[in-house]
Amino acid sequence: MIDHLSTYSTDFARTQRFYDAALIALGYSRNTEMEMEGDRDFPMRRACAYGVGTKPTFWVIEIKKAVSPRHIAFVAKDRAAVAAFYADGLGAGGRDNGSPGERPQYHPGYYGAFLLDPDGNNIEAVNHG
């Protein structure tokens with residue numbers, strides 16, 4: 001249903017390091033980098049995207065002023081990938097927002113972990129069992 005989506009970062013380099021580390025266990029890598037043109041108030045705004053292969057799916061766009069946090073959940077192939085996402089993301093500056101574990105309140109077999117990225121976005125890896 002969703003082709004791609006974006007989140008925003010006030011500390012672009014730090015946020016790239018976080019996503020470079022956290023998303024690798026889920027099969028995503030940074031596959032696009034650019035400077036965006038056309039914004040007179042923020043010339044040469046940076047952006048990058050992550051995806052499987054060459055398709056950019058998840059974009060990170062540099063901003064000057066923080067915006068409301070978002071919640072984004074990425075599919076994990078198994079529970080080990082959820083745990084690796086969590087550990088790697090913590091090691092790259094993410095903050096704990098829910099360690100790996102079952103979340104039966106959502107449905108049986110729901111296994112997820114939650115991290116806050118450098119801008120406070122709630123980033124999740126989930127395996128549905």
# chains A, B, ... in the order shown; residues from 1 in each chain; ligands from 1
>>> residues_around(residues="Val67 in chain A", least_positions_apart="5", cutoff="10 Å", atoms="only C-alpha atoms", output="ChimeraX atom specification")
/A:7-10,119-121
>>> residues_around(residues="Gly112 in chain A", least_positions_apart="2", cutoff="6 Å", atoms="only C-alpha atoms", output="list in words")
Pro100, Gly101, Ala125 and Val126 of chain A
>>> write_last_selection(atoms="N, CA and C atoms", output="CSV table (one decimal), in the first residue's frame")
chain,number,residue,atom,x,y,z
A,100,PRO,N,13.0,-5.9,23.2
A,100,PRO,CA,12.4,-6.9,22.4
A,100,PRO,C,11.6,-7.8,23.3
A,101,GLY,N,10.4,-8.1,22.8
A,101,GLY,CA,9.5,-9.0,23.6
A,101,GLY,C,8.1,-9.1,22.9
A,125,ALA,N,10.8,-2.4,15.3
A,125,ALA,CA,11.0,-3.6,14.4
A,125,ALA,C,10.0,-4.6,14.9
A,126,VAL,N,9.3,-5.3,14.0
A,126,VAL,CA,8.2,-6.2,14.5
A,126,VAL,C,8.2,-7.5,13.6
>>> closest_residue(among="A:Ile72, A:Leu115, A:Ala49, A:Met1", to="Gly93 in chain A", atoms="only C-alpha atoms")
A:Leu115
>>> residues_around(residues="Met44 in chain A", least_positions_apart="5", cutoff="6 Å", atoms="only C-alpha atoms", output="tab-separated table (two decimals) with N, CA, C and O atoms, in the first residue's frame")
chain	number	residue	atom	x	y	z
A	35	GLU	N	21.26	16.30	-2.20
A	35	GLU	CA	20.99	17.63	-1.68
A	35	GLU	C	19.77	18.14	-2.41
A	35	GLU	O	19.72	18.11	-3.64
A	36	MET	N	18.80	18.57	-1.65
A	36	MET	CA	17.53	19.02	-2.24
A	36	MET	C	17.64	20.49	-2.60
A	36	MET	O	18.18	21.29	-1.84
A	37	GLU	N	17.13	20.82	-3.73
A	37	GLU	CA	17.16	22.21	-4.20
A	37	GLU	C	15.74	22.77	-4.20
A	37	GLU	O	14.78	22.03	-4.15
>>> select_by_dssp(residues="chain A", states="strand (DSSP E or B)", output="ChimeraX atom specification")
/A:5-9,29-36,45-51,58-62,71-75,95-102,111-116,122-127
>>> closest_residue(among="A:Gly38, A:Leu116, A:Arg14, A:Gly94", to="Arg70 in chain A", atoms="only C-alpha atoms")
A:Leu116
>>> residues_around(residues="Asp78 in chain A", least_positions_apart="5", cutoff="9 Å", atoms="only C-alpha atoms", output="list in words")
Tyr111, Val126, Asn127, His128 and Gly129 of chain A
>>> write_last_selection(atoms="C-alpha atoms", output="mmCIF file, in the first residue's frame")
data_model
loop_
_atom_site.group_PDB
_atom_site.id
_atom_site.type_symbol
_atom_site.label_atom_id
_atom_site.label_comp_id
_atom_site.auth_asym_id
_atom_site.auth_seq_id
_atom_site.Cartn_x
_atom_site.Cartn_y
_atom_site.Cartn_z
ATOM 1 C CA TYR A 111 7.122 -9.637 18.809
ATOM 2 C CA VAL A 126 8.220 -6.232 14.473
ATOM 3 C CA ASN A 127 7.841 -9.880 13.634
ATOM 4 C CA HIS A 128 4.320 -11.273 13.525
ATOM 5 C CA GLY A 129 5.308 -14.852 14.300
#
>>> closest_residue(among="A:Gln16, A:Gln105, A:Ser68, A:Asn97", to="Glu124 in chain A", atoms="only C-alpha atoms")
A:Asn97
>>> residues_around(residues="Tyr28 in chain A", least_positions_apart="4", cutoff="10 Å", atoms="only C-alpha atoms", output="list in words")
Tyr19, Asp20, Ala21, Ala22, Leu23, Ile24, Ala49, Tyr50, Gly51, Val52, Gly53, Thr54, Pro56, Thr57, Phe58 and Phe74 of chain A
>>> atom_distance(atom1="CA of Gly89 in chain A", atom2="CA of Ser29 in chain A")
13.7 Å
>>> atom_distance(atom1="CA of Ala73 in chain A", atom2="CA of Arg46 in chain A")
23.3 Å
>>> closest_residue(among="A:Asp11, A:Gly27, A:Gly98, A:Ala83", to="Ile123 in chain A", atoms="only C-alpha atoms")
A:Gly98
>>> select_by_dssp(residues="chain A", states="alpha helix (DSSP H)", output="ChimeraX atom specification")
/A:12-24,79-91
>>> closest_residue(among="A:Ala87, A:Ala13, A:Ile63, A:Ala76", to="Arg45 in chain A", atoms="only C-alpha atoms")
A:Ile63
